[in-house]
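Asks: Got a structure here, written out as C-alpha coordinates. Questions coming.
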Amino acid sequence: MTADGEPKSLSEITKDMGLNMSDVAAFSGLDESTVFRLWDNVDWLDRVSGRSLQSLMSSIPGIAEYSMSHAVHKRRDILIGDLDDVGLSVDLSALENAPVPQQHLLNALEAALCIVRGEPTQKTSSFIARFWGSEPDRALELVFSDEPGRGILEDPKILRDSSVDLAPRLNRKTYSFHSILAVNVIAHQVSKVTDTIEADLGFDVPARQTAFTTRGVIMGSLINSDDVELAERYRRELETTPVYAALEEWAFPTYARDSRLSSDFTLPSSLSLRNTATEVLREIAVYNDAYFYYLVSTYIPLALKRDPAFGGKIVELIQALELRGVDCRDRRIRQTCNALVRKLKGTV
(Lines give C-alpha, C1' and ligand atoms only; values in the text may rest on other atoms or scores of the structure.)
Protein backbone atom coordinates (compact mmCIF):
# COMPACT_ATOMS: atom_id res chain seq x y z
CA MET A 1 0.00 0.00 0.00
CA THR A 2 1.07 3.60 -0.52
CA ALA A 3 1.48 5.99 2.39
CA ASP A 4 -2.16 7.02 2.10
CA GLY A 5 -3.37 3.43 1.84
CA GLU A 6 -4.02 3.39 -1.91
CA PRO A 7 -3.19 0.18 -3.81
CA LYS A 8 -0.05 0.03 -5.95
CA SER A 9 0.60 -1.64 -9.26
CA LEU A 10 3.38 -4.17 -9.70
CA SER A 11 5.35 -1.60 -11.71
CA GLU A 12 5.12 0.93 -8.85
CA ILE A 13 6.37 -1.57 -6.28
CA THR A 14 9.42 -2.51 -8.35
CA LYS A 15 10.19 0.97 -9.73
CA ASP A 16 12.40 2.13 -6.82
CA MET A 17 14.45 -1.07 -7.10
CA GLY A 18 15.18 -0.33 -10.77
CA LEU A 19 13.51 -3.54 -11.93
CA ASN A 20 11.67 -3.60 -15.21
CA MET A 21 9.12 -6.10 -16.48
CA SER A 22 11.75 -8.43 -17.94
CA ASP A 23 13.73 -8.39 -14.72
CA VAL A 24 10.68 -9.39 -12.70
CA ALA A 25 9.84 -12.17 -15.14
CA ALA A 26 13.40 -13.49 -15.11
CA PHE A 27 13.80 -13.46 -11.32
CA SER A 28 10.36 -14.92 -10.62
CA GLY A 29 10.42 -17.50 -13.41
CA LEU A 30 7.06 -16.26 -14.76
CA ASP A 31 6.30 -15.74 -18.42
CA GLU A 32 6.64 -12.13 -19.53
CA SER A 33 3.07 -12.29 -20.79
CA THR A 34 1.90 -13.06 -17.24
CA VAL A 35 3.89 -10.18 -15.75
CA PHE A 36 2.63 -7.89 -18.56
CA ARG A 37 -1.01 -8.56 -17.61
CA LEU A 38 -0.27 -7.59 -14.01
CA TRP A 39 2.27 -4.82 -14.54
CA ASP A 40 0.21 -1.60 -14.50
CA ASN A 41 -2.91 -2.93 -12.80
CA VAL A 42 -3.43 -1.68 -9.24
CA ASP A 43 -5.79 -4.62 -8.69
CA TRP A 44 -3.16 -7.15 -9.71
CA LEU A 45 -3.39 -9.00 -6.39
CA ASP A 46 -6.99 -9.88 -7.16
CA ARG A 47 -5.96 -11.33 -10.53
CA VAL A 48 -2.71 -13.15 -9.81
CA SER A 49 -2.81 -16.90 -9.19
CA GLY A 50 -1.58 -18.33 -5.91
CA ARG A 51 1.41 -20.03 -7.52
CA SER A 52 2.47 -16.90 -9.41
CA LEU A 53 2.15 -14.82 -6.24
CA GLN A 54 4.39 -17.24 -4.38
CA SER A 55 7.00 -16.91 -7.13
CA LEU A 56 6.85 -13.12 -6.93
CA MET A 57 6.98 -13.05 -3.13
CA SER A 58 10.01 -15.32 -3.00
CA SER A 59 12.01 -13.43 -5.64
CA ILE A 60 11.07 -9.72 -5.58
CA PRO A 61 11.71 -7.66 -2.43
CA GLY A 62 8.64 -5.86 -1.09
CA ILE A 63 6.03 -8.10 -2.73
CA ALA A 64 5.37 -10.21 0.36
CA GLU A 65 5.12 -7.15 2.61
CA TYR A 66 2.84 -5.33 0.19
CA SER A 67 0.61 -8.37 -0.26
CA MET A 68 -0.02 -8.69 3.47
CA SER A 69 -0.49 -4.95 3.94
CA HIS A 70 -2.90 -4.77 1.01
CA ALA A 71 -5.00 -7.66 2.33
CA VAL A 72 -5.17 -6.20 5.84
CA HIS A 73 -6.03 -2.69 4.61
CA LYS A 74 -8.66 -3.97 2.20
CA ARG A 75 -10.41 -5.98 4.89
CA ARG A 76 -10.08 -3.09 7.34
CA ASP A 77 -11.68 -0.60 4.95
CA ILE A 78 -14.61 -2.94 4.23
CA LEU A 79 -15.17 -3.51 7.95
CA ILE A 80 -14.99 0.20 8.74
CA GLY A 81 -17.69 0.86 6.15
CA ASP A 82 -19.91 -1.94 7.43
CA LEU A 83 -19.50 -0.81 11.04
CA ASP A 84 -20.29 2.76 10.10
CA ASP A 85 -23.55 1.53 8.56
CA VAL A 86 -24.64 0.16 11.96
CA GLY A 87 -23.58 3.26 13.90
CA LEU A 88 -20.08 2.29 15.03
CA SER A 89 -17.11 4.51 14.21
CA VAL A 90 -13.56 3.15 14.31
CA ASP A 91 -10.73 5.16 15.87
CA LEU A 92 -8.06 4.60 13.23
CA SER A 93 -5.25 5.88 15.42
CA ALA A 94 -6.15 3.49 18.23
CA LEU A 95 -6.50 0.64 15.73
CA GLU A 96 -3.12 1.24 14.12
CA ASN A 97 -1.27 1.73 17.42
CA ALA A 98 -2.85 -1.12 19.38
CA PRO A 99 -0.40 -3.63 20.93
CA VAL A 100 -2.25 -6.55 19.33
CA PRO A 101 -1.78 -7.96 15.79
CA GLN A 102 -4.00 -6.20 13.27
CA GLN A 103 -5.50 -9.48 12.11
CA HIS A 104 -6.81 -10.19 15.62
CA LEU A 105 -8.23 -6.68 15.82
CA LEU A 106 -10.03 -7.04 12.50
CA ASN A 107 -11.48 -10.34 13.68
CA ALA A 108 -12.69 -8.55 16.80
CA LEU A 109 -14.27 -5.78 14.72
CA GLU A 110 -16.05 -8.42 12.67
CA ALA A 111 -17.33 -9.97 15.90
CA ALA A 112 -18.65 -6.54 16.90
CA LEU A 113 -20.46 -6.32 13.58
CA CYS A 114 -22.05 -9.76 14.15
CA ILE A 115 -23.20 -8.71 17.62
CA VAL A 116 -24.72 -5.40 16.54
CA ARG A 117 -26.51 -7.05 13.64
CA GLY A 118 -28.05 -9.26 16.30
CA GLU A 119 -28.57 -12.49 14.38
CA PRO A 120 -28.66 -15.36 16.94
CA THR A 121 -27.49 -17.98 14.45
CA GLN A 122 -25.12 -20.91 14.89
CA LYS A 123 -22.68 -19.11 12.59
CA THR A 124 -22.67 -16.12 14.95
CA SER A 125 -22.12 -18.34 17.99
CA SER A 126 -19.36 -20.26 16.22
CA PHE A 127 -17.50 -17.10 15.23
CA ILE A 128 -17.69 -15.40 18.64
CA ALA A 129 -16.70 -18.64 20.39
CA ARG A 130 -13.29 -18.36 18.67
CA PHE A 131 -12.47 -15.47 21.01
CA TRP A 132 -11.99 -17.89 23.90
CA GLY A 133 -8.22 -17.49 23.94
CA SER A 134 -5.72 -15.00 25.30
CA GLU A 135 -4.78 -13.12 22.10
CA PRO A 136 -8.30 -12.94 20.58
CA ASP A 137 -9.69 -11.96 23.99
CA ARG A 138 -7.30 -9.03 24.32
CA ALA A 139 -8.28 -7.86 20.84
CA LEU A 140 -11.98 -8.02 21.69
CA GLU A 141 -11.30 -6.19 24.94
CA LEU A 142 -9.97 -3.24 22.95
CA VAL A 143 -13.15 -3.19 20.86
CA PHE A 144 -15.38 -3.08 23.96
CA SER A 145 -13.18 -0.57 25.80
CA ASP A 146 -14.35 3.03 26.05
CA GLU A 147 -10.97 4.31 27.24
CA PRO A 148 -9.88 7.16 24.94
CA GLY A 149 -6.84 6.27 22.87
CA ARG A 150 -7.13 2.61 23.83
CA GLY A 151 -10.59 1.61 22.72
CA ILE A 152 -10.83 0.96 19.00
CA LEU A 153 -14.43 2.16 18.70
CA GLU A 154 -15.06 5.83 19.32
CA ASP A 155 -18.23 4.98 21.26
CA PRO A 156 -18.89 1.28 22.00
CA LYS A 157 -22.24 1.85 23.76
CA ILE A 158 -24.22 0.42 20.83
CA LEU A 159 -22.00 -2.67 20.94
CA ARG A 160 -22.50 -3.14 24.69
CA ASP A 161 -26.27 -2.69 24.45
CA SER A 162 -26.46 -5.09 21.52
CA SER A 163 -24.37 -7.62 23.45
CA VAL A 164 -26.75 -7.60 26.40
CA ASP A 165 -29.63 -8.14 23.98
CA LEU A 166 -27.96 -10.89 21.94
CA ALA A 167 -26.40 -13.05 24.66
CA PRO A 168 -29.59 -14.66 26.02
CA ARG A 169 -30.85 -15.32 22.49
CA LEU A 170 -27.68 -17.26 21.66
CA ASN A 171 -28.29 -19.56 24.59
CA ARG A 172 -31.74 -20.83 23.62
CA LYS A 173 -30.62 -24.28 22.53
CA THR A 174 -30.53 -26.93 25.25
CA TYR A 175 -26.83 -27.59 24.65
CA SER A 176 -24.45 -26.05 22.16
CA PHE A 177 -20.77 -25.85 23.03
CA HIS A 178 -20.21 -22.88 20.72
CA SER A 179 -23.15 -20.97 22.14
CA ILE A 180 -21.90 -21.60 25.70
CA LEU A 181 -18.48 -20.19 24.75
CA ALA A 182 -20.01 -17.28 22.83
CA VAL A 183 -22.28 -16.22 25.69
CA ASN A 184 -19.35 -16.42 28.09
CA VAL A 185 -17.18 -14.31 25.79
CA ILE A 186 -19.85 -11.64 25.44
CA ALA A 187 -20.78 -11.59 29.13
CA HIS A 188 -17.12 -11.36 30.13
CA GLN A 189 -16.43 -8.40 27.86
CA VAL A 190 -19.55 -6.49 28.90
CA SER A 191 -18.87 -7.04 32.60
CA LYS A 192 -15.37 -5.60 32.20
CA VAL A 193 -16.76 -2.20 31.24
CA THR A 194 -20.23 -2.01 32.83
CA ASP A 195 -22.31 -3.52 35.63
CA THR A 196 -25.24 -4.25 33.28
CA ILE A 197 -24.79 -8.01 33.81
CA GLU A 198 -24.72 -9.10 37.45
CA ALA A 199 -22.68 -12.00 38.79
CA ASP A 200 -25.31 -14.38 40.18
CA LEU A 201 -23.94 -17.07 42.49
CA GLY A 202 -27.38 -17.94 43.81
CA PHE A 203 -28.03 -21.14 41.88
CA ASP A 204 -28.27 -24.25 44.07
CA VAL A 205 -26.98 -26.60 41.38
CA PRO A 206 -26.13 -24.55 38.27
CA ALA A 207 -25.94 -26.17 34.85
CA ARG A 208 -22.60 -25.95 33.07
CA GLN A 209 -23.99 -23.30 30.71
CA THR A 210 -25.08 -21.10 33.61
CA ALA A 211 -21.97 -21.73 35.69
CA PHE A 212 -19.57 -20.96 32.84
CA THR A 213 -21.35 -17.72 31.97
CA THR A 214 -21.37 -16.78 35.65
CA ARG A 215 -17.62 -17.35 35.81
CA GLY A 216 -17.11 -15.08 32.79
CA VAL A 217 -19.17 -12.34 34.42
CA ILE A 218 -17.31 -12.69 37.71
CA MET A 219 -13.90 -12.44 36.05
CA GLY A 220 -14.99 -9.34 34.16
CA SER A 221 -16.58 -7.82 37.26
CA LEU A 222 -13.43 -8.37 39.30
CA ILE A 223 -11.39 -6.55 36.67
CA ASN A 224 -13.98 -3.76 36.46
CA SER A 225 -14.93 -3.28 40.12
CA ASP A 226 -11.92 -4.41 42.19
CA ASP A 227 -14.41 -6.10 44.53
CA VAL A 228 -12.46 -8.33 46.91
CA GLU A 229 -15.65 -9.64 48.53
CA LEU A 230 -16.85 -10.93 45.15
CA ALA A 231 -13.56 -12.82 44.78
CA GLU A 232 -14.04 -14.29 48.24
CA ARG A 233 -17.64 -15.35 47.52
CA TYR A 234 -16.45 -17.05 44.35
CA ARG A 235 -13.70 -18.86 46.26
CA ARG A 236 -16.21 -20.19 48.79
CA GLU A 237 -18.58 -21.23 45.99
CA LEU A 238 -15.86 -23.37 44.42
CA GLU A 239 -15.42 -25.23 47.70
CA THR A 240 -19.07 -26.31 47.78
CA THR A 241 -20.09 -26.50 44.11
CA PRO A 242 -18.16 -29.07 42.05
CA VAL A 243 -19.29 -27.68 38.68
CA TYR A 244 -17.62 -24.32 39.41
CA ALA A 245 -14.39 -26.03 40.47
CA ALA A 246 -14.37 -28.20 37.33
CA LEU A 247 -14.96 -25.23 35.03
CA GLU A 248 -12.36 -23.14 36.85
CA GLU A 249 -9.75 -25.86 36.37
CA TRP A 250 -10.69 -26.18 32.67
CA ALA A 251 -10.83 -22.49 31.84
CA PHE A 252 -7.23 -21.28 32.07
CA PRO A 253 -5.50 -24.18 30.27
CA THR A 254 -7.90 -23.98 27.32
CA TYR A 255 -7.82 -20.17 27.27
CA ALA A 256 -4.00 -20.27 27.18
CA ARG A 257 -3.97 -23.21 24.72
CA ASP A 258 -2.18 -25.67 26.97
CA SER A 259 -5.10 -27.96 26.23
CA ARG A 260 -7.51 -28.31 23.34
CA LEU A 261 -11.07 -27.15 23.80
CA SER A 262 -13.29 -30.04 24.85
CA SER A 263 -17.06 -29.89 24.73
CA ASP A 264 -17.32 -32.00 27.88
CA PHE A 265 -15.11 -29.50 29.79
CA THR A 266 -12.47 -32.07 30.73
CA LEU A 267 -8.67 -31.92 30.64
CA PRO A 268 -6.04 -34.57 29.88
CA SER A 269 -4.86 -36.48 32.95
CA SER A 270 -1.30 -35.28 32.34
CA LEU A 271 -0.89 -31.61 31.50
CA SER A 272 1.94 -29.07 31.72
CA LEU A 273 0.64 -25.53 32.24
CA ARG A 274 3.41 -23.73 30.35
CA ASN A 275 1.26 -21.20 28.54
CA THR A 276 -1.09 -20.88 31.50
CA ALA A 277 1.83 -19.98 33.73
CA THR A 278 2.91 -17.24 31.32
CA GLU A 279 -0.62 -15.84 31.25
CA VAL A 280 -1.00 -15.94 35.03
CA LEU A 281 2.33 -14.14 35.47
CA ARG A 282 1.11 -11.45 33.09
CA GLU A 283 -2.18 -11.08 34.93
CA ILE A 284 -0.46 -10.84 38.31
CA ALA A 285 1.37 -7.79 37.03
CA VAL A 286 -1.47 -5.97 35.27
CA TYR A 287 -4.75 -6.60 37.13
CA ASN A 288 -6.14 -5.08 40.33
CA ASP A 289 -6.07 -6.36 43.91
CA ALA A 290 -9.41 -8.19 43.73
CA TYR A 291 -8.34 -10.16 40.69
CA PHE A 292 -4.96 -10.82 42.30
CA TYR A 293 -6.78 -12.20 45.35
CA TYR A 294 -8.78 -14.50 43.07
CA LEU A 295 -5.52 -15.79 41.59
CA VAL A 296 -3.74 -16.45 44.91
CA SER A 297 -6.78 -17.78 46.78
CA THR A 298 -8.53 -19.73 44.03
CA TYR A 299 -6.86 -20.42 40.72
CA ILE A 300 -3.15 -20.83 41.50
CA PRO A 301 -3.75 -23.41 44.28
CA LEU A 302 -6.06 -25.29 41.90
CA ALA A 303 -3.49 -25.13 39.10
CA LEU A 304 -0.75 -26.48 41.36
CA LYS A 305 -2.82 -29.59 42.02
CA ARG A 306 -2.98 -30.19 38.26
CA ASP A 307 0.68 -29.29 37.59
CA PRO A 308 2.88 -28.93 40.70
CA ALA A 309 5.70 -27.60 38.52
CA PHE A 310 3.44 -24.82 37.21
CA GLY A 311 4.78 -25.19 33.70
CA GLY A 312 8.37 -25.00 34.95
CA LYS A 313 7.84 -21.47 36.27
CA ILE A 314 7.66 -21.91 40.06
CA VAL A 315 10.62 -19.59 40.68
CA GLU A 316 9.13 -16.89 38.44
CA LEU A 317 5.79 -17.32 40.21
CA ILE A 318 7.34 -16.84 43.64
CA GLN A 319 9.10 -13.68 42.48
CA ALA A 320 5.95 -12.27 40.89
CA LEU A 321 3.84 -12.98 43.99
CA GLU A 322 6.37 -11.39 46.35
CA LEU A 323 6.67 -8.31 44.16
CA ARG A 324 2.91 -7.90 43.75
CA GLY A 325 1.83 -8.87 47.26
CA VAL A 326 3.89 -6.26 49.03
CA ASP A 327 1.84 -3.47 47.42
CA CYS A 328 -1.58 -4.82 48.47
CA ARG A 329 -3.34 -2.70 51.09
CA ASP A 330 -5.80 -5.44 52.08
CA ARG A 331 -4.39 -7.54 54.92
CA ARG A 332 -6.32 -10.64 53.83
CA ILE A 333 -4.74 -10.50 50.38
CA ARG A 334 -1.24 -10.11 51.81
CA GLN A 335 -1.74 -13.01 54.22
CA THR A 336 -3.11 -15.29 51.50
CA CYS A 337 -0.27 -14.34 49.17
CA ASN A 338 2.39 -14.87 51.85
CA ALA A 339 0.95 -18.27 52.76
CA LEU A 340 1.07 -19.33 49.10
CA VAL A 341 4.65 -18.09 48.74
CA ARG A 342 5.75 -20.06 51.82
CA LYS A 343 4.14 -23.18 50.40
CA LEU A 344 5.82 -22.68 47.03
CA LYS A 345 9.24 -22.10 48.59
CA GLY A 346 8.88 -25.43 50.30
CA THR A 347 8.78 -27.13 46.90
CA VAL A 348 11.94 -25.63 45.36
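Chain labels A, B, ... are given in the sequence in which chains occur in the C-alpha coordinates; within each chain residues are numbered consecutively from 1, and ligands are likewise numbered from 1 in the order shown.
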Report as a count of residues only: the residues of range 141-323 of chain A with a DSSP assignment of alpha helix (DSSP H), based on the backbone of this structure.
Replies: 116
Asks: Using only C-alpha atoms, which protein or nucleic acid residues come within 9 Å of range 136-144 of chain A? Drop anything in the same chain fewer than 5 positions from it, and give the result as a PyMOL selection string.
Replies: chain A and resi 95+98-102+104-109+111-112+130-131+150-153+155-157+159-160+185+189-190+192-193
Asks: Name the residues in contact with Gln319 in chain A at a cut-off of 12 Å, using only C-alpha atoms, excluding same-chain residues fewer than 5 positions from it; report them as an NGL selection string.
Replies: :A and (281 or 284-285 or 313-314 or 324-326 or 337-338 or 340-342 or 344-345)
Asks: Ranking A:Gly18, A:Gly346, A:Gly87, A:Gly133 by minimum distance to Asn275 in chain A and counting only C-alpha atoms, which one comes first?
Replies: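 Looking at the shortest contact to Asn275 in chain A, the residue is A:Gly133.
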Asks: Show which residues sit within 10 Å of Trp44 in chain A, as a list of chain:residue names. Count only C-alpha atoms, and ignore same-chain residues fewer than 6 positions away.
Replies: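 Contacts, with the query itself left out: A:Pro7, A:Lys8, A:Ser9, A:Leu10, A:Val35, A:Arg37, A:Leu38, A:Leu53.
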Asks: Write a file of the selected residues as a PDB file, in the first residue's frame, keeping N, CA and C atoms.
Replies:
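The new file out.pdb reads:
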```pdb
ATOM      1  N   PRO A   7      -3.888   1.345  -3.239  1.00  0.00           N
ATOM      2  CA  PRO A   7      -3.195   0.183  -3.814  1.00  0.00           C
ATOM      3  C   PRO A   7      -2.143   0.608  -4.836  1.00  0.00           C
ATOM      4  N   LYS A   8      -1.136  -0.243  -5.021  1.00  0.00           N
ATOM      5  CA  LYS A   8      -0.049   0.034  -5.950  1.00  0.00           C
ATOM      6  C   LYS A   8       0.027  -1.062  -7.003  1.00  0.00           C
ATOM      7  N   SER A   9       0.394  -0.664  -8.189  1.00  0.00           N
ATOM      8  CA  SER A   9       0.596  -1.641  -9.257  1.00  0.00           C
ATOM      9  C   SER A   9       1.938  -2.329  -9.070  1.00  0.00           C
ATOM     10  N   LEU A  10       2.118  -3.435  -9.766  1.00  0.00           N
ATOM     11  CA  LEU A  10       3.381  -4.166  -9.696  1.00  0.00           C
ATOM     12  C   LEU A  10       4.535  -3.292 -10.183  1.00  0.00           C
ATOM     13  N   VAL A  35       3.487 -11.403 -16.437  1.00  0.00           N
ATOM     14  CA  VAL A  35       3.885 -10.179 -15.750  1.00  0.00           C
ATOM     15  C   VAL A  35       3.275  -8.965 -16.446  1.00  0.00           C
ATOM     16  N   ARG A  37       0.404  -8.715 -17.966  1.00  0.00           N
ATOM     17  CA  ARG A  37      -1.006  -8.561 -17.607  1.00  0.00           C
ATOM     18  C   ARG A  37      -1.178  -7.933 -16.223  1.00  0.00           C
ATOM     19  N   LEU A  38      -0.174  -8.095 -15.384  1.00  0.00           N
ATOM     20  CA  LEU A  38      -0.273  -7.586 -14.015  1.00  0.00           C
ATOM     21  C   LEU A  38       0.407  -6.233 -13.834  1.00  0.00           C
ATOM     22  N   LEU A  53       1.880 -15.722  -7.361  1.00  0.00           N
ATOM     23  CA  LEU A  53       2.150 -14.817  -6.241  1.00  0.00           C
ATOM     24  C   LEU A  53       3.285 -15.360  -5.382  1.00  0.00           C
TER      25      LEU A  53
END
```
Asks: Pick from A:Phe212, A:Tyr299, A:Phe27, A:Phe292: nearest to Ala320 in chain A, with only C-alpha atoms counted?
Replies: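 Comparing A:Phe212, A:Tyr299, A:Phe27, A:Phe292 against Ala320 in chain A, the winner is A:Phe292.
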Asks: Hey, which of A:Leu170, A:Ala290, A:Ala246, A:Ala256 ends up closest to Arg233 in chain A? Count only C-alpha atoms.
Replies: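 Closest to Arg233 in chain A, using only C-alpha atoms: A:Ala290.
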Asks: Nearest to Val315 in chain A: which of A:Val348, A:Cys114, A:Leu295, A:Leu230 is it, counting only C-alpha atoms?
Replies: A:Val348
Asks: Please indicate the distance in Å from CA of Ser22 in chain A to CA of Ser58 in chain A, rounded to one decimal place.
Replies: 16.5 Å
Asks: Point out the residue among A:Thr278, A:Ser28, A:Ser89, A:Asn41 with the least atom-to-atom distance to Ser59 in chain A, counting only C-alpha atoms.
Replies: A:Ser28
Asks: What separation in Å, quoted to one decimal, exists between CA of Arg235 in chain A and CA of Arg334 in chain A?
Replies: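 Here the two named atoms are 16.2 Å from each other.
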Asks: Give me the residues within 10 Å of Gln209 in chain A as a PyMOL selection string, counting only C-alpha atoms and dropping any in the same chain fewer than 6 places off.
Replies: chain A and resi 171+174-177+179-181+183-184
Asks: Select, from A:Asp289, A:Trp132, A:Asp327, A:Thr194, the residue with the minimum atom-to-atom distance to Arg257 in chain A, counting only C-alpha atoms.
Replies: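 Using only C-alpha atoms, the shortest distance to Arg257 in chain A belongs to A:Trp132.
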